[in-house]
Each structure stands twice: as C-alpha cells, then as structure tokens.
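Q: Got a file for you: target.tsv, TSV, C-alpha atoms.
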```tsv
chain	number	residue	atom	x	y	z
D	1	MET	CA	0.00	0.00	0.00
D	2	GLN	CA	1.20	3.51	-0.78
D	3	ARG	CA	2.11	5.84	2.05
D	4	ARG	CA	-0.90	6.99	4.13
D	5	ASP	CA	-1.52	9.63	6.76
D	6	VAL	CA	-2.59	7.84	9.95
D	7	ALA	CA	-3.98	9.13	13.24
D	8	VAL	CA	-3.70	6.95	16.34
D	9	VAL	CA	-5.78	8.09	19.32
D	10	GLY	CA	-4.26	6.95	22.62
D	11	THR	CA	-0.71	6.14	23.69
D	12	GLY	CA	-1.54	3.00	25.66
D	13	THR	CA	-0.30	-0.46	24.73
D	14	VAL	CA	-2.18	-0.87	21.46
D	15	GLY	CA	-1.86	2.79	20.42
D	16	SER	CA	1.91	3.02	20.69
D	17	ALA	CA	2.41	-0.47	19.23
D	18	SER	CA	0.20	0.37	16.23
D	19	ALA	CA	2.04	3.65	15.66
D	20	LEU	CA	5.38	1.82	15.62
D	21	PHE	CA	4.26	-0.92	13.22
D	22	LEU	CA	2.62	1.49	10.78
D	23	ALA	CA	5.45	4.02	10.83
D	24	ARG	CA	7.91	1.25	10.06
D	25	GLN	CA	5.84	0.44	6.98
D	26	GLY	CA	6.45	3.99	5.79
D	27	HIS	CA	3.15	5.62	6.83
D	28	ARG	CA	3.02	9.08	8.41
D	29	VAL	CA	1.62	8.59	11.92
D	30	THR	CA	0.32	11.19	14.37
D	31	LEU	CA	-0.18	9.83	17.88
D	32	TYR	CA	-2.73	11.83	19.91
D	33	GLU	CA	-2.85	11.62	23.71
D	34	ARG	CA	-5.27	13.27	26.16
D	35	VAL	CA	-2.73	13.48	29.01
D	36	ALA	CA	-0.20	16.31	28.72
D	37	GLU	CA	2.64	14.29	30.27
D	38	PRO	CA	1.96	10.54	30.11
D	39	GLU	CA	3.38	8.67	33.10
D	40	THR	CA	4.55	5.12	33.68
D	41	VAL	CA	1.88	4.18	36.22
D	42	GLY	CA	-0.53	1.29	36.59
D	43	ALA	CA	-1.17	-2.06	38.20
D	44	GLY	CA	0.48	-5.41	37.70
D	45	ILE	CA	-0.29	-7.20	34.43
D	46	MET	CA	0.40	-10.58	32.90
D	47	LEU	CA	2.47	-10.67	29.74
D	48	GLN	CA	1.69	-13.90	27.93
D	49	PRO	CA	3.67	-15.72	25.20
D	50	SER	CA	1.37	-14.09	22.62
D	51	GLY	CA	2.25	-10.59	23.81
D	52	MET	CA	5.95	-11.39	24.01
D	53	ALA	CA	5.91	-12.55	20.38
D	54	VAL	CA	4.62	-9.15	19.27
D	55	LEU	CA	7.17	-7.28	21.38
D	56	ARG	CA	9.84	-9.42	19.72
D	57	GLN	CA	8.65	-8.20	16.32
D	58	LEU	CA	8.96	-4.61	17.55
D	59	GLY	CA	12.46	-5.24	18.91
D	60	LEU	CA	11.31	-4.40	22.45
D	61	GLU	CA	11.17	-7.79	24.16
D	62	GLN	CA	14.51	-7.33	25.93
D	63	GLN	CA	13.48	-3.87	27.12
D	64	VAL	CA	10.42	-5.32	28.86
D	65	VAL	CA	10.71	-8.98	29.85
D	66	PRO	CA	13.87	-8.73	32.03
D	67	HIS	CA	12.06	-6.16	34.21
D	68	GLY	CA	9.30	-8.65	35.01
D	69	GLU	CA	9.13	-11.87	36.96
D	70	ARG	CA	8.95	-15.23	35.20
D	71	ILE	CA	5.70	-17.06	35.95
D	72	GLU	CA	5.47	-20.74	35.21
D	73	SER	CA	2.04	-21.61	36.59
D	74	LEU	CA	-1.37	-20.44	37.75
D	75	TRP	CA	-2.43	-21.91	41.10
D	76	ILE	CA	-5.94	-21.45	42.51
D	77	GLN	CA	-7.10	-22.84	45.84
D	78	THR	CA	-9.98	-22.35	48.24
D	79	ALA	CA	-9.57	-20.49	51.54
D	80	GLY	CA	-9.48	-23.91	53.15
D	81	GLY	CA	-6.47	-24.96	51.08
D	82	GLN	CA	-8.27	-27.22	48.57
D	83	LYS	CA	-6.73	-27.11	45.10
D	84	VAL	CA	-9.07	-25.78	42.42
D	85	MET	CA	-6.67	-25.39	39.51
D	86	ASP	CA	-2.99	-25.86	38.73
D	87	LEU	CA	-2.09	-24.86	35.19
D	88	GLN	CA	1.53	-24.94	34.08
D	89	TYR	CA	2.77	-23.44	30.82
D	90	ALA	CA	5.09	-26.43	30.34
D	91	GLN	CA	1.99	-28.62	29.96
D	92	LEU	CA	1.56	-26.97	26.54
D	93	SER	CA	5.22	-26.47	25.60
D	94	PRO	CA	8.39	-26.63	27.73
D	95	ASP	CA	9.68	-23.26	26.52
D	96	LEU	CA	6.55	-21.24	27.36
D	97	PHE	CA	6.13	-18.99	30.37
D	98	GLY	CA	4.34	-15.83	31.41
D	99	VAL	CA	5.75	-12.65	32.90
D	100	GLY	CA	4.33	-10.71	35.83
D	101	LEU	CA	4.98	-7.07	35.01
D	102	HIS	CA	4.37	-3.54	36.21
D	103	ARG	CA	2.13	-1.95	33.56
D	104	GLY	CA	4.37	1.14	33.57
D	105	VAL	CA	7.30	-0.90	32.27
D	106	LEU	CA	5.39	-1.95	29.17
D	107	PHE	CA	3.95	1.52	28.64
D	108	GLY	CA	7.34	3.17	29.05
D	109	ALA	CA	9.08	0.92	26.55
D	110	LEU	CA	6.40	1.39	23.89
D	111	TYR	CA	5.96	5.12	24.43
D	112	ARG	CA	9.70	5.88	24.39
D	113	ALA	CA	10.03	3.89	21.19
D	114	ALA	CA	7.17	5.85	19.62
D	115	LEU	CA	8.76	9.16	20.62
D	116	ALA	CA	12.03	8.10	19.00
D	117	GLU	CA	10.50	6.55	15.87
D	118	HIS	CA	11.02	8.42	12.61
D	119	GLY	CA	7.61	8.88	11.06
D	120	VAL	CA	5.71	9.21	14.36
D	121	THR	CA	4.63	12.64	15.62
D	122	VAL	CA	3.31	12.66	19.20
D	123	CYS	CA	0.72	15.29	20.22
D	124	THR	CA	-0.04	15.28	23.95
D	125	GLY	CA	-2.58	17.24	25.98
D	126	LEU	CA	-5.17	16.89	23.23
D	127	ASP	CA	-8.47	15.32	24.33
D	128	VAL	CA	-10.15	13.83	21.26
D	129	GLU	CA	-13.94	13.80	21.44
D	130	ASP	CA	-15.06	13.28	17.87
D	131	LEU	CA	-14.06	12.76	14.25
D	132	HIS	CA	-14.96	15.00	11.29
D	133	THR	CA	-15.36	13.47	7.85
D	134	HIS	CA	-14.41	15.62	4.85
D	135	ARG	CA	-15.98	15.38	1.41
D	136	ASP	CA	-13.12	13.30	0.08
D	137	GLY	CA	-13.59	10.79	2.92
D	138	ARG	CA	-10.54	11.78	4.92
D	139	LEU	CA	-10.87	12.49	8.62
D	140	SER	CA	-9.86	15.15	11.11
D	141	ILE	CA	-9.54	14.79	14.87
D	142	VAL	CA	-11.92	17.05	16.84
D	143	GLU	CA	-10.66	18.39	20.15
D	144	ARG	CA	-13.11	18.28	23.06
D	145	GLU	CA	-12.68	21.71	24.67
D	146	HIS	CA	-12.47	24.06	21.67
D	147	ARG	CA	-13.93	21.74	18.98
D	148	LYS	CA	-10.81	22.48	16.96
D	149	ARG	CA	-9.97	20.13	14.09
D	150	HIS	CA	-6.54	18.57	13.75
D	151	GLY	CA	-4.96	16.80	10.80
D	152	LEU	CA	-6.24	15.33	7.60
D	153	HIS	CA	-5.99	11.57	7.90
D	154	ASP	CA	-6.60	8.62	5.58
D	155	LEU	CA	-6.98	6.27	8.56
D	156	VAL	CA	-7.87	6.72	12.23
D	157	VAL	CA	-6.90	4.05	14.76
D	158	VAL	CA	-9.06	4.37	17.90
D	159	ALA	CA	-7.03	3.07	20.82
D	160	ASN	CA	-8.17	5.21	23.76
D	161	GLY	CA	-9.76	2.58	25.94
D	162	ALA	CA	-13.08	1.12	27.01
D	163	ARG	CA	-14.69	4.51	27.66
D	164	SER	CA	-13.88	5.93	24.23
D	165	SER	CA	-16.40	8.44	22.92
D	166	LEU	CA	-15.33	7.71	19.35
D	167	ARG	CA	-17.65	4.70	19.12
D	168	ASP	CA	-20.76	6.88	19.60
D	169	ASP	CA	-21.33	7.83	15.97
D	170	THR	CA	-20.88	4.36	14.52
D	171	SER	CA	-23.97	2.60	13.19
D	172	PHE	CA	-22.94	-1.02	13.71
D	173	VAL	CA	-24.09	-3.11	16.66
D	174	LYS	CA	-22.24	-2.52	19.91
D	175	SER	CA	-22.69	-2.95	23.64
D	176	VAL	CA	-20.72	-1.08	26.28
D	177	GLU	CA	-21.40	-1.94	29.92
D	178	ARG	CA	-19.55	-1.49	33.19
D	179	TYR	CA	-19.04	-4.87	34.81
D	180	PRO	CA	-20.52	-5.03	38.36
D	181	TRP	CA	-17.25	-6.25	39.81
D	182	GLY	CA	-13.79	-4.74	39.96
D	183	ALA	CA	-10.69	-5.15	42.09
D	184	LEU	CA	-8.78	-3.40	44.82
D	185	TRP	CA	-5.08	-3.60	44.11
D	186	ALA	CA	-1.68	-2.51	45.37
D	187	ILE	CA	1.93	-3.06	44.34
D	188	VAL	CA	4.39	-3.32	47.24
D	189	PRO	CA	8.07	-4.28	47.57
D	190	ASP	CA	8.90	-7.96	47.90
D	191	LEU	CA	12.16	-7.40	49.74
D	192	GLU	CA	12.75	-11.06	50.54
D	193	HIS	CA	11.69	-12.18	47.07
D	194	ARG	CA	9.10	-14.55	48.53
D	195	TYR	CA	6.74	-14.51	45.57
D	196	THR	CA	8.18	-16.25	42.53
D	197	ARG	CA	7.25	-18.42	39.57
D	198	ARG	CA	3.48	-18.57	40.03
D	199	LEU	CA	0.33	-16.48	40.03
D	200	PHE	CA	-1.32	-17.48	43.31
D	201	GLN	CA	-5.07	-17.02	43.82
D	202	VAL	CA	-7.43	-17.89	46.67
D	203	VAL	CA	-11.20	-18.07	46.40
D	204	ASN	CA	-13.81	-18.05	49.13
D	205	GLY	CA	-17.20	-18.55	47.57
D	206	THR	CA	-17.85	-16.61	44.38
D	207	GLN	CA	-17.61	-13.19	46.03
D	208	ARG	CA	-14.06	-13.27	47.39
D	209	LEU	CA	-11.10	-13.64	45.06
D	210	MET	CA	-7.64	-12.65	46.23
D	211	GLY	CA	-4.35	-12.95	44.44
D	212	LEU	CA	-0.60	-12.44	44.64
D	213	MET	CA	1.35	-11.94	41.44
D	214	PRO	CA	5.13	-11.47	41.22
D	215	THR	CA	5.60	-8.20	39.31
D	216	GLY	CA	9.34	-7.69	38.85
D	217	VAL	CA	10.81	-4.22	39.22
D	218	GLY	CA	9.04	-0.93	38.61
D	219	PRO	CA	9.62	1.47	35.70
D	220	ASP	CA	12.37	3.20	37.68
D	221	GLY	CA	13.99	0.02	38.93
D	222	GLY	CA	14.25	-0.63	42.66
D	223	PRO	CA	13.41	-3.82	44.55
D	224	ARG	CA	11.33	-6.67	43.25
D	225	GLN	CA	7.61	-6.14	43.76
D	226	VAL	CA	4.44	-8.13	44.20
D	227	SER	CA	0.92	-7.20	43.13
D	228	PHE	CA	-1.96	-7.89	45.51
D	229	PHE	CA	-5.56	-7.82	44.29
D	230	PHE	CA	-8.90	-8.33	46.02
D	231	SER	CA	-12.19	-8.74	44.18
D	232	LEU	CA	-14.94	-6.29	45.12
D	233	ARG	CA	-18.26	-5.14	43.71
D	234	GLY	CA	-18.16	-1.59	42.38
D	235	ASP	CA	-21.08	-0.58	44.60
D	236	ALA	CA	-19.20	-1.73	47.72
D	237	VAL	CA	-16.14	0.48	47.32
D	238	ASP	CA	-17.47	3.36	49.48
D	239	ALA	CA	-18.32	0.93	52.28
D	240	PHE	CA	-14.81	-0.47	52.12
D	241	ARG	CA	-13.27	3.02	52.23
D	242	GLY	CA	-15.27	3.89	55.36
D	243	GLY	CA	-15.06	0.50	57.03
D	244	ASP	CA	-12.81	-1.11	59.62
D	245	PHE	CA	-9.53	-1.63	57.77
D	246	ALA	CA	-7.98	-3.77	60.51
D	247	GLN	CA	-10.97	-6.09	60.39
D	248	TRP	CA	-10.71	-6.33	56.61
D	249	LYS	CA	-7.02	-7.21	56.83
D	250	ALA	CA	-7.75	-9.87	59.43
D	251	GLY	CA	-10.34	-11.43	57.12
D	252	VAL	CA	-7.90	-11.49	54.19
D	253	LEU	CA	-5.17	-12.94	56.39
D	254	ALA	CA	-7.49	-15.72	57.52
D	255	ASP	CA	-8.12	-16.70	53.90
D	256	VAL	CA	-4.61	-16.02	52.58
D	257	PRO	CA	-1.91	-16.38	55.24
D	258	GLU	CA	0.65	-16.10	52.42
D	259	ALA	CA	-0.34	-12.43	52.05
D	260	ALA	CA	0.95	-11.42	55.51
D	261	PRO	CA	4.11	-9.62	54.23
D	262	VAL	CA	1.95	-7.61	51.82
D	263	LEU	CA	-0.77	-6.75	54.33
D	264	ASP	CA	1.87	-5.53	56.79
D	265	GLN	CA	2.75	-2.79	54.28
D	266	LEU	CA	-0.85	-1.59	53.85
D	267	GLN	CA	-1.75	1.06	56.42
D	268	GLY	CA	-5.21	2.11	55.30
D	269	PRO	CA	-7.84	1.95	52.53
D	270	SER	CA	-6.04	4.68	50.58
D	271	ASP	CA	-3.13	2.28	49.98
D	272	LEU	CA	-5.39	0.29	47.68
D	273	LEU	CA	-6.68	1.60	44.36
D	274	PHE	CA	-9.86	0.33	42.72
D	275	SER	CA	-10.15	-0.65	39.07
D	276	HIS	CA	-13.47	-0.93	37.27
D	277	TYR	CA	-13.97	-3.48	34.51
D	278	HIS	CA	-15.89	-2.86	31.29
D	279	ASP	CA	-17.46	-5.22	28.80
D	280	VAL	CA	-17.34	-3.94	25.21
D	281	VAL	CA	-18.81	-5.90	22.32
D	282	MET	CA	-18.97	-4.63	18.76
D	283	TRP	CA	-18.87	-5.96	15.20
D	284	PRO	CA	-17.21	-5.23	12.93
D	285	TRP	CA	-14.31	-3.33	14.49
D	286	ASN	CA	-14.04	-0.91	11.61
D	287	THR	CA	-15.67	1.46	9.17
D	288	GLU	CA	-14.01	2.27	5.84
D	289	ARG	CA	-11.40	4.56	7.43
D	290	VAL	CA	-11.68	3.97	11.21
D	291	VAL	CA	-10.60	0.90	13.16
D	292	TYR	CA	-11.07	0.17	16.87
D	293	LEU	CA	-8.38	-1.74	18.74
D	294	GLY	CA	-7.74	-2.94	22.29
D	295	ASP	CA	-10.22	-2.09	25.04
D	296	ALA	CA	-11.99	0.40	22.77
D	297	ALA	CA	-13.08	-2.61	20.71
D	298	HIS	CA	-13.29	-5.58	23.07
D	299	ALA	CA	-12.75	-4.75	26.74
D	300	MET	CA	-13.51	-7.66	29.05
D	301	SER	CA	-13.00	-8.91	32.58
D	302	PRO	CA	-9.28	-9.54	33.26
D	303	GLN	CA	-9.99	-13.05	34.58
D	304	LEU	CA	-7.78	-14.63	31.89
D	305	GLY	CA	-5.06	-11.96	32.05
D	306	GLN	CA	-5.25	-11.21	28.33
D	307	GLY	CA	-5.77	-7.43	28.11
D	308	CYS	CA	-2.35	-6.19	26.99
D	309	ASN	CA	-1.72	-9.35	24.99
D	310	LEU	CA	-4.86	-9.09	22.88
D	311	ALA	CA	-4.02	-5.42	22.36
D	312	LEU	CA	-0.52	-6.20	21.12
D	313	LEU	CA	-1.91	-8.82	18.75
D	314	ASP	CA	-4.45	-6.27	17.46
D	315	ALA	CA	-1.60	-3.94	16.54
D	316	TRP	CA	0.30	-6.68	14.72
D	317	TYR	CA	-2.76	-7.95	12.83
D	318	LEU	CA	-3.61	-4.41	11.71
D	319	ALA	CA	-0.10	-3.89	10.39
D	320	GLU	CA	-0.21	-7.20	8.50
D	321	ALA	CA	-3.58	-6.28	6.96
D	322	MET	CA	-2.21	-2.89	5.89
D	323	ARG	CA	0.88	-4.51	4.41
D	324	GLY	CA	-1.07	-6.77	2.09
D	325	ALA	CA	-3.98	-4.53	1.05
D	326	GLU	CA	-4.45	-2.20	-1.90
D	327	SER	CA	-6.58	0.31	0.01
D	328	VAL	CA	-7.40	1.36	3.57
D	329	PRO	CA	-10.98	-0.03	3.48
D	330	ASP	CA	-9.69	-3.38	2.19
D	331	ALA	CA	-7.12	-3.49	4.99
D	332	LEU	CA	-9.62	-2.69	7.74
D	333	PHE	CA	-12.23	-5.22	6.68
D	334	THR	CA	-9.46	-7.81	6.34
D	335	TYR	CA	-8.36	-6.96	9.88
D	336	SER	CA	-11.86	-7.48	11.31
D	337	ARG	CA	-12.23	-10.81	9.50
D	338	ASN	CA	-8.84	-12.05	10.66
D	339	ARG	CA	-9.36	-11.07	14.30
D	340	ARG	CA	-12.96	-12.20	14.69
D	341	TRP	CA	-12.55	-15.84	15.64
D	342	HIS	CA	-9.78	-15.31	18.18
D	343	LEU	CA	-11.40	-12.32	19.89
D	344	ASP	CA	-14.90	-13.81	19.88
D	345	TRP	CA	-13.54	-16.94	21.51
D	346	TYR	CA	-11.81	-15.02	24.31
D	347	GLN	CA	-14.87	-12.88	24.98
D	348	PHE	CA	-16.99	-16.03	25.13
D	349	ILE	CA	-14.78	-17.95	27.56
D	350	THR	CA	-14.22	-14.84	29.71
D	351	ARG	CA	-17.98	-14.36	30.13
D	352	TRP	CA	-18.42	-18.06	30.84
D	353	LEU	CA	-15.59	-18.28	33.37
D	354	THR	CA	-15.87	-14.99	35.28
D	355	PRO	CA	-19.09	-15.76	37.23
D	356	PHE	CA	-17.37	-18.75	38.85
D	357	PHE	CA	-14.92	-16.32	40.48
D	358	GLN	CA	-16.69	-12.95	40.64
D	359	SER	CA	-20.46	-13.00	40.99
D	360	ASP	CA	-23.39	-13.29	43.37
D	361	HIS	CA	-24.20	-16.76	41.99
D	362	THR	CA	-23.18	-18.67	45.11
D	363	TRP	CA	-24.51	-21.94	43.66
D	364	LEU	CA	-21.52	-21.97	41.30
D	365	ARG	CA	-19.11	-22.50	44.17
D	366	PRO	CA	-19.33	-26.34	44.38
D	367	LEU	CA	-19.26	-26.62	40.60
D	368	ARG	CA	-15.99	-24.69	40.60
D	369	ASP	CA	-14.33	-26.14	43.68
D	370	VAL	CA	-15.10	-29.75	42.80
D	371	GLY	CA	-15.79	-29.71	39.07
D	372	MET	CA	-12.78	-27.67	37.91
D	373	ALA	CA	-10.42	-29.66	40.13
D	374	GLN	CA	-11.64	-32.86	38.50
D	375	VAL	CA	-11.84	-31.71	34.89
D	376	THR	CA	-8.33	-30.24	34.87
D	377	ARG	CA	-6.98	-33.71	35.56
D	378	VAL	CA	-7.93	-34.68	32.00
D	379	PRO	CA	-4.80	-34.03	29.87
D	380	TRP	CA	-6.71	-32.75	26.81
D	381	VAL	CA	-8.80	-30.34	28.89
D	382	ARG	CA	-5.74	-29.15	30.80
D	383	LYS	CA	-3.89	-28.46	27.56
D	384	GLN	CA	-6.82	-26.43	26.22
D	385	MET	CA	-6.94	-24.35	29.40
D	386	VAL	CA	-3.20	-23.68	29.30
D	387	ALA	CA	-3.50	-22.63	25.65
D	388	ALA	CA	-6.23	-20.17	26.65
D	389	MET	CA	-4.02	-18.85	29.45
D	390	ALA	CA	-1.08	-18.43	27.07
D	391	GLY	CA	-3.20	-16.39	24.65
D	392	VAL	CA	-2.95	-18.83	21.73
D	393	SER	CA	-6.29	-20.65	21.85
D	394	ARG	CA	-8.73	-20.28	18.95
D	395	GLY	CA	-11.24	-22.79	20.27
D	396	PRO	CA	-11.13	-26.38	21.54
D	397	PHE	CA	-11.10	-28.06	18.10
D	398	LEU	CA	-9.01	-25.57	16.13
D	399	GLU	CA	-5.28	-25.19	15.62
D	400	LEU	CA	-3.49	-22.89	18.03
D	401	LEU	CA	-3.00	-19.28	17.00
D	402	ARG	CA	0.07	-18.76	14.86
D	403	LEU	CA	2.15	-16.15	16.60
D	404	PRO	CA	4.24	-13.49	14.83
```
Before we go any further, please render this structure as structure tokens.
A:
Amino acid sequence: MQRRDVAVVGTGTVGSASALFLARQGHRVTLYERVAEPETVGAGIMLQPSGMAVLRQLGLEQQVVPHGERIESLWIQTAGGQKVMDLQYAQLSPDLFGVGLHRGVLFGALYRAALAEHGVTVCTGLDVEDLHTHRDGRLSIVEREHRKRHGLHDLVVVANGARSSLRDDTSFVKSVERYPWGALWAIVPDLEHRYTRRLFQVVNGTQRLMGLMPTGVGPDGGPRQVSFFFSLRGDAVDAFRGGDFAQWKAGVLADVPEAAPVLDQLQGPSDLLFSHYHDVVMWPWNTERVVYLGDAAHAMSPQLGQGCNLALLDAWYLAEAMRGAESVPDALFTYSRNRRWHLDWYQFITRWLTPFFQSDHTWLRPLRDVGMAQVTRVPWVRKQMVAAMAGVSRGPFLELLRLP
C-alpha cells in the first residue's frame, strides 16, 4: 500500500504499538494523547507468550521482559487450602512462560520507542472527542474543549480505551457496559523475594477472590515487587473506604496467610486503588477509514489476564492487513475478519468463566471447587486451558493461534 496519513488516538499499549508498526511500513503517523505528560503508572499485568511474540517483532522484548518476573504456573485454591486449579505453561510447551509485570514498564518501553521513531509525531494534551469526515472521505480529529480540528488523515486508529467516545457515531451493533465487579489492588516491595514463579489465587465462595502476582521491578527500577488484588463489587467500594480496615485485613489474612508480608505494608484503605472493569462488544471493528483496537473494541473482565496481549496482537494484525492490502478499506475489513474468531472466543470464555470467580451466583461454588479440580486432571482439557491462558487458543477443536 502507498504511504498513508494515519492518526492513532491513545498512547496505551495498542496505540503506541500500532504507531510503531505502521510508521515502520512507511506511513506518516500522528499519535494523539489526552494526558499532557503521560506517566509510567498502573497495576500489575500478565504478559503472555502471545504478547511477548509481538514485542519481539517490535524489537522491544529485551526492554520489557527482564524487568518482570517469570511465571510458570497459575495456582488457585480455596480459603481452606483445597486445590481448584494448577495450570503450568510447560503442559503446553516446555519453553513457554508468562511474565508478571508492572504496567508502567510496558507503557514506558512502547511510548519511548514511539517518541524516538522516525515517522511518528506525538501530540499530547489533546483530548479527542469526535471525528470530522471531509468530502473526500478523509478524517480530522476534533478536540473536546475548543472543537478544533486537527490533521487530515486517511486512517484513524481508535485506541483510547473502554470509555472511548469515538464509538458513539458508529452505526454497527455494539454494547458497552460497566461490569458489576472490579478489584482493589496494590503493588508493594517484595524485599525477601518470597513470591516467585506462580500467580497465586485464593477463592472463598464466588464473592471473594484474592491474588498475589510477582511483578518484577518498577519502571524506575528498585526492589522486586508483588501485586496484591482483592475482588470487590463496584457498589461496595465506598463501604470499604469507610469501614474497619484492621478487620478487613484480618479477614484477608485468615483466607490467605501467604499475604501477611503484603498486608503488613498496607496502612489504610487509601493504599489500595480500585479498578473498574468494562465489557465492550462490537462488530465489525471498523468502518471504511476507522478501526477500533484494544479495550476500545473488546474490553472484558481480566480473569484470563489477556488485556495487553490481545491489544498487542491487534496492533500486529492491523499492520499485516495494511501490508497486504491495496486500500485502507480493504485493509480494515481484512483486519476485522482475521481477528474475529480469536477475539470472539476469548470474549466467550471470559464471560463463561468470570461468574465462577466474581459473581453473586453462590450456587456456582461447588461446581468450581469440585468440578474444575476434576476436569483439569484430564490431559486434553488441561492443555486447552493452558493454551487459553497463554493467549494462543482459537477454540477447543481448532489449531493454536500462529504467533508473529
């Protein structure tokens, strides 16, 4: 495809990755960001083999992975110590593993690369509210405060998250809902390096999910860290903030004695941040000149730890579609076709799995505690679940996703 003028809205994972891929194909890319000075902040995330493959294509794997903590398994148990699930990457392939990572490390590596990339112009402090279509079909970015138009673009990549206002004017079917549940989380130093090699989760019914994830070092270095998260309904956050923090800690400690070194570092409710989840469903993920990637297109509960990995794959698939197409519309419709099966499958299994761990459906507890423990003993089932965890599943009877 001949050189195009591309706007990318949002400097998060998928925005910066898309800008890099497209600029390296020779396109002129303008990267728009609402925040004046983007910072390397955020919670702990899981980088899966699928995400690492894309970072390898960008030449950034060694700027990210060594800052994280290698994770070889997912372990889930009840508060009483009964095993619910033990999934090991080696059960799929001996060379696979995940990486527990501070989100700021991934953001920093991608954003710095975008700033340094020839062909990428970064415009910060510009809150994009809308798009304006010109008579020739090209698009301008419309700023929220002054309604000022910016640029004249052949393609707009919408990558500004689940709450994007740029979906509002599209005519295709879409659903955007805030999930009832979210999570309290904190990242604290792991000075004795206690937490290694596994993502450890404890469940107590379907309303209490707690976890400890090794997170490596922060964006500025320092000691190794661990991420703690605690499932909570969004409408219960105020009660938590005004409640008895010592009593809450005692309850967590009773369920998860392994969390004692983390809880000792939490002095009050303000030490824990709360993250809302969104559920975004739309099809297709494009018009003739606009494409939606990452959470703007398919936000979901983080139960499978796929957020940044699906986003990185989106960026790579878009670049491949652009590489082989004769026009922007051809590329975008090719992108939506190529991503549909993989993304639909992950949205389906996320919606199916999440209520077993975060819901008011208490009757699901015995099905999870007994049923999942039994079914994961079957080698074929276990392999399918590990493939889903690694980000490479396309469905139980299909070949695994071919990574970059």
Q: Sorted by chain and rising residue number, list the residues of stretch 238-319 of chain D at most 8 Å from stretch 14-26 of chain D (counting all atoms listed in the file), each with its closest atom pair and distance in Å to one decimal, as a Markdown table.
A:
```
| residue | atom | partner | partner_atom | distance |
| --- | --- | --- | --- | --- |
| D:Leu293 | CA | D:Val14 | CA | 6.8 |
| D:Gly294 | CA | D:Val14 | CA | 6.0 |
| D:Cys308 | CA | D:Val14 | CA | 7.7 |
| D:Ala311 | CA | D:Val14 | CA | 5.0 |
| D:Leu312 | CA | D:Val14 | CA | 5.6 |
| D:Asp314 | CA | D:Val14 | CA | 7.1 |
| D:Ala315 | CA | D:Ser18 | CA | 4.7 |
| D:Trp316 | CA | D:Phe21 | CA | 7.1 |
| D:Leu318 | CA | D:Ser18 | CA | 7.6 |
| D:Ala319 | CA | D:Phe21 | CA | 6.0 |
```
Q: Could you check the closest approach to D:Met322 for each of D:Lys249, D:His27, D:His150, D:Arg56 and tell me which residue wins, using only C-alpha atoms?
A: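 Closest to D:Met322, using only C-alpha atoms: D:His27.
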Q: When you count all atoms listed in the file, which of these residues is closest to D:Gln384: D:Leu263, D:Leu92, D:Val188, D:Met372?
A: D:Leu92
Q: May I ask for the distance between atom CA of D:Pro189 and atom CA of D:Pro214, given in Å to one decimal place?
A: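 Between atom CA of D:Pro189 and atom CA of D:Pro214 the gap works out to 10.0 Å.
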Q: Compile the contact shell of D:Leu401 as a PyMOL selection string: residues with an atom at most 8 Å away, counting only C-alpha atoms, same-chain residues fewer than 5 positions apart removed.
A: chain D and resi 342+392-394
Q: Could you tell me how far atom CA of D:Leu87 sits from atom CA of D:Thr196, in Å to one decimal place?
A: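 Computed distance, atom CA of D:Thr196 to atom CA of D:Leu87, equals 15.3 Å.
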Q: What is the distance, in Å and to one decimal place, between atom CA of D:Ala260 and atom CA of D:Pro366?
A: 27.5 Å
Q: Could you check the closest approach to D:Asp168 for each of D:Leu131, D:Arg323, D:Met1, D:Val328 and tell me which residue wins, using only C-alpha atoms?
A: D:Leu131
Q: Step by step: start from the point (-7.3, -9.2, 6.3) in the file's coordinates, keep every protein, DNA or RNA residue that has an atom no farther than 12 Å from it, count only C-alpha atoms, and write the set as an MDAnalysis selection string.
A: chainID D and resid 286 314 316:340
Q: Which is closest to D:Leu398 among D:Thr376, D:Pro94, D:Trp341, D:Gly59, if we use all atoms listed in the file?
A: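 Of all the options, D:Trp341 lies closest to D:Leu398.
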Q: Out of D:Leu212, D:Ala159, D:Val54, D:Val142, which residue has the shortest atom-to-atom distance to D:Gly10 when counting only C-alpha atoms?
A: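 The shortest atom-to-atom distance to D:Gly10 comes from D:Ala159.
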Q: Find the residues around D:Val203 up to 9 Å (only C-alpha atoms counted), leave out those fewer than 4 positions away in its own chain, and share them as a PyMOL selection string.
A: chain D and resi 76-79+84+207-211+255+357
Q: Pick out the closest residue to D:Gly268 from this set: D:Arg241, D:Arg144, D:His67, D:Arg382. Count only C-alpha atoms.
A: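 Among the listed residues, the smallest separation from D:Gly268 belongs to D:Arg241.
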Q: Assuming 3 Å of padding per side, give the centre and edge lengths of the axis-aligned box around every listed atom of stretch 5-18 of chain D, in Å to one decimal and as lines of an AutoDock Vina configuration file.
A:
```
center_x = -1.7
center_y = 4.4
center_z = 16.2
size_x = 14.2
size_y = 16.5
size_z = 24.9
```
Q: Need to verify the contact set: D:Thr215, 8 Å, all atoms listed in the file, exclusion of same-chain residues closer than 6 positions in sequence. Can you return it as a PDB file with C-alpha atoms, keeping the file's coordinate frame?
A:
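For reference, selection.pdb as written:
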```
ATOM      1  CA  GLY D  44       0.480  -5.410  37.700  1.00  0.00           C
ATOM      2  CA  ILE D  45      -0.290  -7.200  34.430  1.00  0.00           C
ATOM      3  CA  GLY D  68       9.300  -8.650  35.010  1.00  0.00           C
ATOM      4  CA  GLU D  69       9.130 -11.870  36.960  1.00  0.00           C
ATOM      5  CA  VAL D  99       5.750 -12.650  32.900  1.00  0.00           C
ATOM      6  CA  GLY D 100       4.330 -10.710  35.830  1.00  0.00           C
ATOM      7  CA  LEU D 101       4.980  -7.070  35.010  1.00  0.00           C
ATOM      8  CA  HIS D 102       4.370  -3.540  36.210  1.00  0.00           C
ATOM      9  CA  ARG D 224      11.330  -6.670  43.250  1.00  0.00           C
ATOM     10  CA  GLN D 225       7.610  -6.140  43.760  1.00  0.00           C
ATOM     11  CA  VAL D 226       4.440  -8.130  44.200  1.00  0.00           C
ATOM     12  CA  SER D 227       0.920  -7.200  43.130  1.00  0.00           C
TER      13      SER D 227
END
```
